[in-house]
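The file query_30.cif comes next; it holds mmCIF, C-alpha atoms.
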data_run
#
loop_
_atom_site.group_PDB
_atom_site.id
_atom_site.type_symbol
_atom_site.label_atom_id
_atom_site.label_comp_id
_atom_site.auth_asym_id
_atom_site.auth_seq_id
_atom_site.Cartn_x
_atom_site.Cartn_y
_atom_site.Cartn_z
ATOM 1 C CA ILE A 1 66.107 4.674 103.146
ATOM 2 C CA TRP A 2 64.983 1.583 101.235
ATOM 3 C CA LEU A 3 64.038 -0.177 104.477
ATOM 4 C CA VAL A 4 62.027 2.817 105.654
ATOM 5 C CA GLY A 5 60.297 3.033 102.278
ATOM 6 C CA ILE A 6 59.370 -0.661 102.334
ATOM 7 C CA TYR A 7 58.145 -0.296 105.928
ATOM 8 C CA GLY A 8 55.888 2.563 104.851
ATOM 9 C CA THR A 9 54.620 0.577 101.868
ATOM 10 C CA LEU A 10 53.649 -2.374 104.070
ATOM 11 C CA MET A 11 52.088 -0.128 106.710
ATOM 12 C CA TYR A 12 49.987 1.587 104.041
ATOM 13 C CA ILE A 13 48.303 -1.656 102.952
ATOM 14 C CA PRO A 14 45.486 -1.351 105.553
ATOM 15 C CA LEU A 15 44.576 1.887 103.769
ATOM 16 C CA SER A 16 45.400 1.242 100.111
ATOM 17 C CA GLY A 17 44.420 -2.413 100.044
ATOM 18 C CA PHE A 18 41.626 -2.502 102.618
ATOM 19 C CA ALA A 19 40.041 0.869 103.403
ATOM 20 C CA GLU A 20 40.217 2.188 99.841
ATOM 21 C CA LEU A 21 38.842 -0.920 98.097
ATOM 22 C CA TRP A 22 38.110 -4.239 99.811
ATOM 23 C CA ALA A 23 36.645 -3.055 103.134
ATOM 24 C CA VAL A 24 33.209 -2.263 101.690
ATOM 25 C CA PRO A 25 32.523 -5.615 99.945
ATOM 26 C CA TYR A 26 34.000 -7.468 102.935
ATOM 27 C CA ILE A 27 31.708 -5.721 105.437
ATOM 28 C CA MET A 28 28.717 -6.020 103.104
ATOM 29 C CA GLU A 29 29.190 -9.777 102.836
ATOM 30 C CA THR A 30 30.052 -10.352 106.501
ATOM 31 C CA TYR A 31 27.214 -8.283 107.977
ATOM 32 C CA ASN A 32 24.684 -8.319 105.127
ATOM 33 C CA VAL A 33 24.466 -4.505 104.979
ATOM 34 C CA ASN A 34 24.331 -2.097 102.048
ATOM 35 C CA ASN A 35 27.356 -0.260 100.707
ATOM 36 C CA GLU A 36 26.490 2.986 102.488
ATOM 37 C CA VAL A 37 26.673 1.320 105.896
ATOM 38 C CA ALA A 38 29.708 -0.747 104.921
ATOM 39 C CA SER A 39 31.587 2.374 103.799
ATOM 40 C CA ILE A 40 31.712 3.470 107.446
ATOM 41 C CA ALA A 41 34.413 0.814 107.884
ATOM 42 C CA SER A 42 36.659 2.668 105.434
ATOM 43 C CA ILE A 43 35.876 5.973 107.115
ATOM 44 C CA MET A 44 36.806 4.616 110.547
ATOM 45 C CA VAL A 45 40.214 3.421 109.366
ATOM 46 C CA LEU A 46 40.926 6.806 107.786
ATOM 47 C CA LEU A 47 39.671 8.736 110.825
ATOM 48 C CA GLY A 48 41.828 6.607 113.087
ATOM 49 C CA MET A 49 44.885 7.258 111.002
ATOM 50 C CA GLY A 50 44.105 10.971 110.824
ATOM 51 C CA LEU A 51 44.227 11.107 114.607
ATOM 52 C CA GLY A 52 47.058 8.606 114.929
ATOM 53 C CA CYS A 53 49.533 10.585 112.821
ATOM 54 C CA PRO A 54 49.864 13.623 115.129
ATOM 55 C CA LEU A 55 49.570 11.430 118.240
ATOM 56 C CA SER A 56 52.422 9.213 117.099
ATOM 57 C CA ALA A 57 54.566 12.252 116.310
ATOM 58 C CA TRP A 58 53.927 13.613 119.811
ATOM 59 C CA LEU A 59 54.639 10.205 121.392
ATOM 60 C CA SER A 60 57.851 9.873 119.385
ATOM 61 C CA ASP A 61 59.094 13.223 120.681
ATOM 62 C CA TYR A 62 57.992 12.373 124.226
ATOM 63 C CA LEU A 63 59.844 9.023 124.173
ATOM 64 C CA GLN A 64 62.660 10.471 122.046
ATOM 65 C CA SER A 65 62.420 7.460 119.757
ATOM 66 C CA ARG A 66 61.136 7.005 116.223
ATOM 67 C CA ARG A 67 61.926 3.301 116.149
ATOM 68 C CA LYS A 68 59.845 2.338 119.183
ATOM 69 C CA VAL A 69 56.719 4.100 117.997
ATOM 70 C CA MET A 70 57.031 2.753 114.454
ATOM 71 C CA SER A 71 57.492 -0.789 115.784
ATOM 72 C CA TRP A 72 54.525 -0.446 118.147
ATOM 73 C CA ALA A 73 52.474 0.943 115.270
ATOM 74 C CA ALA A 74 53.113 -2.179 113.181
ATOM 75 C CA LEU A 75 52.295 -4.564 116.032
ATOM 76 C CA GLY A 76 49.230 -2.611 117.189
ATOM 77 C CA THR A 77 47.770 -2.351 113.692
ATOM 78 C CA MET A 78 48.422 -6.053 113.123
ATOM 79 C CA LEU A 79 46.722 -7.022 116.396
ATOM 80 C CA PHE A 80 43.527 -5.065 115.777
ATOM 81 C CA PHE A 81 43.240 -6.203 112.169
ATOM 82 C CA LEU A 82 43.714 -9.809 113.285
ATOM 83 C CA ILE A 83 40.873 -9.362 115.771
ATOM 84 C CA ALA A 84 38.674 -7.642 113.190
ATOM 85 C CA ILE A 85 39.267 -10.365 110.600
ATOM 86 C CA TYR A 86 39.275 -13.548 112.647
ATOM 87 C CA ILE A 87 37.224 -13.132 115.826
ATOM 88 C CA PRO A 88 33.693 -14.321 115.016
ATOM 89 C CA GLY A 89 30.500 -12.654 116.156
ATOM 90 C CA ILE A 90 31.820 -9.111 116.532
ATOM 91 C CA PRO A 91 28.889 -6.645 116.387
ATOM 92 C CA LEU A 92 29.021 -4.210 113.476
ATOM 93 C CA ASN A 93 29.625 -1.199 115.734
ATOM 94 C CA GLY A 94 32.347 -3.156 117.500
ATOM 95 C CA MET A 95 33.947 -3.819 114.125
ATOM 96 C CA PHE A 96 33.924 -0.101 113.381
ATOM 97 C CA VAL A 97 35.647 0.583 116.721
ATOM 98 C CA LEU A 98 38.292 -2.072 116.029
ATOM 99 C CA LEU A 99 39.015 -0.600 112.612
ATOM 100 C CA PHE A 100 39.253 2.891 114.087
ATOM 101 C CA ILE A 101 41.809 1.699 116.662
ATOM 102 C CA GLY A 102 43.675 -0.183 113.944
ATOM 103 C CA GLY A 103 43.817 3.036 111.932
ATOM 104 C CA LEU A 104 44.951 4.900 115.044
ATOM 105 C CA PHE A 105 47.950 2.598 115.417
ATOM 106 C CA CYS A 106 48.572 2.712 111.676
ATOM 107 C CA GLY A 107 49.125 6.457 112.001
ATOM 108 C CA GLY A 108 52.535 5.658 113.483
ATOM 109 C CA GLN A 109 53.826 4.914 109.999
ATOM 110 C CA ILE A 110 53.907 8.660 109.277
ATOM 111 C CA LEU A 111 57.220 8.818 111.156
ATOM 112 C CA TYR A 112 58.958 7.347 108.125
ATOM 113 C CA PHE A 113 59.192 10.949 106.861
ATOM 114 C CA ALA A 114 61.160 11.966 109.950
ATOM 115 C CA VAL A 115 63.388 8.888 109.772
ATOM 116 C CA ALA A 116 64.132 9.458 106.076
ATOM 117 C CA LYS A 117 65.145 13.042 106.830
ATOM 118 C CA GLU A 118 67.226 12.165 109.881
ATOM 119 C CA GLN A 119 69.041 9.332 108.085
ATOM 120 C CA SER A 120 70.189 11.658 105.315
ATOM 121 C CA PRO A 121 72.645 14.529 105.074
ATOM 122 C CA SER A 122 70.885 17.894 105.127
ATOM 123 C CA HIS A 123 71.538 18.625 101.446
ATOM 124 C CA ALA A 124 69.786 15.354 100.441
ATOM 125 C CA SER A 125 66.927 15.260 102.960
ATOM 126 C CA GLY A 126 64.306 16.477 100.467
ATOM 127 C CA THR A 127 65.353 13.850 97.935
ATOM 128 C CA ALA A 128 65.270 11.142 100.609
ATOM 129 C CA ILE A 129 61.760 12.103 101.728
ATOM 130 C CA GLY A 130 60.511 12.250 98.147
ATOM 131 C CA PHE A 131 62.050 8.893 97.306
ATOM 132 C CA THR A 132 60.604 7.264 100.425
ATOM 133 C CA ASN A 133 57.166 8.654 99.665
ATOM 134 C CA GLY A 134 57.451 7.422 96.085
ATOM 135 C CA VAL A 135 58.213 3.902 97.296
ATOM 136 C CA LEU A 136 55.241 4.070 99.681
ATOM 137 C CA MET A 137 52.850 5.150 96.924
ATOM 138 C CA SER A 138 53.516 1.864 95.157
ATOM 139 C CA SER A 139 51.380 0.256 97.860
ATOM 140 C CA GLY A 140 48.168 1.192 96.050
ATOM 141 C CA PHE A 141 48.833 -0.447 92.702
ATOM 142 C CA ILE A 142 50.439 -3.470 94.404
ATOM 143 C CA ALA A 143 48.106 -4.176 97.331
ATOM 144 C CA GLN A 144 44.727 -3.774 95.639
ATOM 145 C CA PRO A 145 45.260 -6.240 92.766
ATOM 146 C CA LEU A 146 47.310 -8.519 95.029
ATOM 147 C CA LEU A 147 44.412 -8.910 97.472
ATOM 148 C CA GLY A 148 42.161 -9.492 94.482
ATOM 149 C CA LEU A 149 44.528 -12.230 93.310
ATOM 150 C CA PHE A 150 44.419 -13.831 96.763
ATOM 151 C CA LEU A 151 40.618 -13.762 96.620
ATOM 152 C CA ASP A 152 40.728 -15.604 93.292
ATOM 153 C CA LEU A 153 43.223 -18.136 94.638
ATOM 154 C CA VAL A 154 41.073 -19.050 97.647
ATOM 155 C CA TRP A 155 37.742 -18.703 95.809
ATOM 156 C CA ASP A 156 35.529 -21.729 96.472
ATOM 157 C CA GLY A 157 33.924 -21.783 93.017
ATOM 158 C CA GLN A 158 30.582 -20.199 93.919
ATOM 159 C CA MET A 159 28.905 -18.000 91.312
ATOM 160 C CA THR A 160 26.026 -15.529 91.487
ATOM 161 C CA ALA A 161 22.877 -15.904 89.412
ATOM 162 C CA THR A 162 24.346 -13.445 86.900
ATOM 163 C CA GLY A 163 27.536 -15.469 86.460
ATOM 164 C CA VAL A 164 29.793 -13.299 88.635
ATOM 165 C CA ARG A 165 32.198 -14.851 91.113
ATOM 166 C CA TYR A 166 30.784 -14.884 94.640
ATOM 167 C CA TYR A 167 33.190 -14.430 97.530
ATOM 168 C CA SER A 168 31.906 -15.598 100.903
ATOM 169 C CA ALA A 169 32.950 -14.064 104.220
ATOM 170 C CA ALA A 170 35.258 -17.053 104.769
ATOM 171 C CA VAL A 171 36.976 -16.412 101.438
ATOM 172 C CA TYR A 172 37.469 -12.761 102.343
ATOM 173 C CA GLN A 173 38.909 -13.727 105.726
ATOM 174 C CA THR A 174 41.450 -16.054 104.131
ATOM 175 C CA ALA A 175 42.532 -13.473 101.560
ATOM 176 C CA MET A 176 42.728 -10.713 104.186
ATOM 177 C CA THR A 177 45.438 -12.719 105.969
ATOM 178 C CA ALA A 178 47.804 -10.796 103.697
ATOM 179 C CA ILE A 179 47.167 -7.619 105.714
ATOM 180 C CA PRO A 180 48.415 -8.762 109.148
ATOM 181 C CA ALA A 181 51.193 -10.679 107.373
ATOM 182 C CA ALA A 182 52.378 -7.439 105.755
ATOM 183 C CA LEU A 183 52.205 -5.635 109.094
ATOM 184 C CA PHE A 184 54.269 -8.343 110.764
ATOM 185 C CA LEU A 185 56.876 -7.972 108.020
ATOM 186 C CA ALA A 186 56.864 -4.207 108.648
ATOM 187 C CA TRP A 187 57.671 -4.886 112.307
ATOM 188 C CA VAL A 188 60.516 -7.233 111.291
ATOM 189 C CA ILE A 189 61.959 -4.556 109.006
ATOM 190 C CA MET A 190 62.053 -2.094 111.915
ATOM 191 C CA LEU A 191 64.441 -4.464 113.706
ATOM 192 C CA PHE A 192 67.033 -3.460 111.108
ATOM 193 C CA VAL A 193 66.386 0.291 111.157
ATOM 194 C CA LYS A 194 68.595 2.324 113.468
ATOM 195 C CA GLU A 195 67.217 4.895 115.853
ATOM 196 C CA THR A 196 67.394 8.336 114.250
ATOM 197 C CA TYR A 197 65.882 10.597 116.888
ATOM 198 C CA PRO A 198 68.277 13.553 117.099
ATOM 199 C CA LYS A 199 70.394 13.684 120.222
ATOM 200 C CA VAL A 200 70.481 17.146 121.732
ATOM 201 C CA SER A 201 73.857 18.153 123.075
ATOM 202 C CA HIS A 202 73.686 20.364 126.141
ATOM 203 C CA VAL A 203 76.330 23.091 126.041
ATOM 204 C CA ARG A 204 77.194 24.741 129.338
#
What would you get if you wrote out this structure as structure tokens?
Amino acid sequence: IWLVGIYGTLMYIPLSGFAELWAVPYIMETYNVNNEVASIASIMVLLGMGLGCPLSAWLSDYLQSRRKVMSWAALGTMLFFLIAIYIPGIPLNGMFVLLFIGGLFCGGQILYFAVAKEQSPSHASGTAIGFTNGVLMSSGFIAQPLLGLFLDLVWDGQMTATGVRYYSAAVYQTAMTAIPAALFLAWVIMLFVKETYPKVSHVR
């Protein structure tokens, strides 16, 4: 249950740490657009995840595996965020598409609810799901200030005319390395989680 909770926490960082806070200033600085345009980046991640959750549940039932889909979700999200962060010269609309696909893969993390239930005895399944979700919710108050700390650590000393720290696109890129790193760790954690998809016994 702890492993599943930590997996969910790490998989939630693209939402809690990026889409909900740092995506807008990052896109504004990288593409020199206003906050209204930049906010589309957050929307695309959330839309992708909204579609990815039911798709991953369907795929998990089709493949009869929670573990495979959750592992693919971590790797897929990591890949598209790596591309979005590090590949130079991506058009703004292309960036929105990449973030949507990253969110789509990130939807696979929703299966942690099913795994928490299936790993637990029936009388404790509600407690297990609640505990797992509680661990996951820690992602918000950990990831947002942590990414801010990384920004301060790699800050190159530039200041605005009003005396506020100025973070260049390169500084954002370096700090955002924490996101794919967290997703890679989520994939590693899934190596230690057993398959929980229920086996159906056929009675003649």
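For the residues A:Pro198, A:Pro14, A:Pro54, A:Pro91, ranking by smallest atom-to-atom distance to Ala143 in chain A using all atoms listed in the file places A:Pro14 first.
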request  = Go through the shown structure with the PyMOL selection byres ((chain A and resi 47) around 10) and write out the matching residues as an NGL selection string.
outcome  = :A and (41-46 or 48-52 or 99-101 or 103-104 or 107)
inquiry  = Excluding range 147-156 of chain A and its own-chain neighbours fewer than 2 positions away, which residues fall within 10 Å of it when counting all atoms listed in the file? Please give them as a count of residues only.
reply    = 25
What box, with edges along x, y and z, holds each listed atom of range 110-125 of chain A when 8 Å is added on every side, and can you state its centre and edge lengths in Å to one decimal, as lines of an AutoDock Vina configuration file?
center_x = 63.3
center_y = 13.0
center_z = 105.8
size_x = 34.7
size_y = 27.3
size_z = 26.7
Skipping near chain neighbours, those fewer than 3 positions away, what residues fall within 8 Å of range 118-127 of chain A using only C-alpha atoms, listed as a compact mmCIF listing (two decimals) with C-alpha atoms, keeping the file's coordinate frame?
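Listed below is the output, around-v6.txt:
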# COMPACT_ATOMS: atom_id res chain seq x y z
CA ILE A 1 66.11 4.67 103.15
CA ALA A 114 61.16 11.97 109.95
CA VAL A 115 63.39 8.89 109.77
CA GLY A 130 60.51 12.25 98.15
CA PHE A 131 62.05 8.89 97.31
CA THR A 196 67.39 8.34 114.25
CA TYR A 197 65.88 10.60 116.89
CA PRO A 198 68.28 13.55 117.10
request  = Can you work out which one of A:Met70, A:Ile27, A:Leu136, A:Ile129 has the shortest atom-to-atom distance to Leu92 in chain A, counting all atoms listed in the file?
outcome  =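 Using all atoms listed in the file, the shortest distance to Leu92 in chain A belongs to A:Ile27.
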query = Which of these, A:Ile83, A:Val97, A:Ala74, A:Ile110, has the shortest distance to Cys53 in chain A once you count all atoms listed in the file?
reply = A:Ile110
query = What separation in Å, quoted to one decimal, exists between CA of Pro180 in chain A and CA of Met78 in chain A?
reply =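 Going from CA of Pro180 in chain A over to CA of Met78 in chain A, I get 4.8 Å.
For the pair CA of Gly108 in chain A and CA of Ala73 in chain A, the interatomic distance is 5.0 Å.
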query = Which residue out of A:Thr160, A:Gly5, A:Ala19, A:Thr30 has the minimum interatomic distance to Gly89 in chain A when only C-alpha atoms are used?
reply =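 With only C-alpha atoms as the atom set, the closest residue is A:Thr30.
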ask   = Looking at only C-alpha atoms, which of A:Ala57, A:Ala23, A:Ser71, A:Ser39 is the one that sits closest to Phe192 in chain A?
value =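 Of A:Ala57, A:Ala23, A:Ser71, A:Ser39, the one nearest Phe192 in chain A, counting only C-alpha atoms, is A:Ser71.
One finds CA of Tyr12 in chain A at 7.8 Å from CA of Gln109 in chain A.
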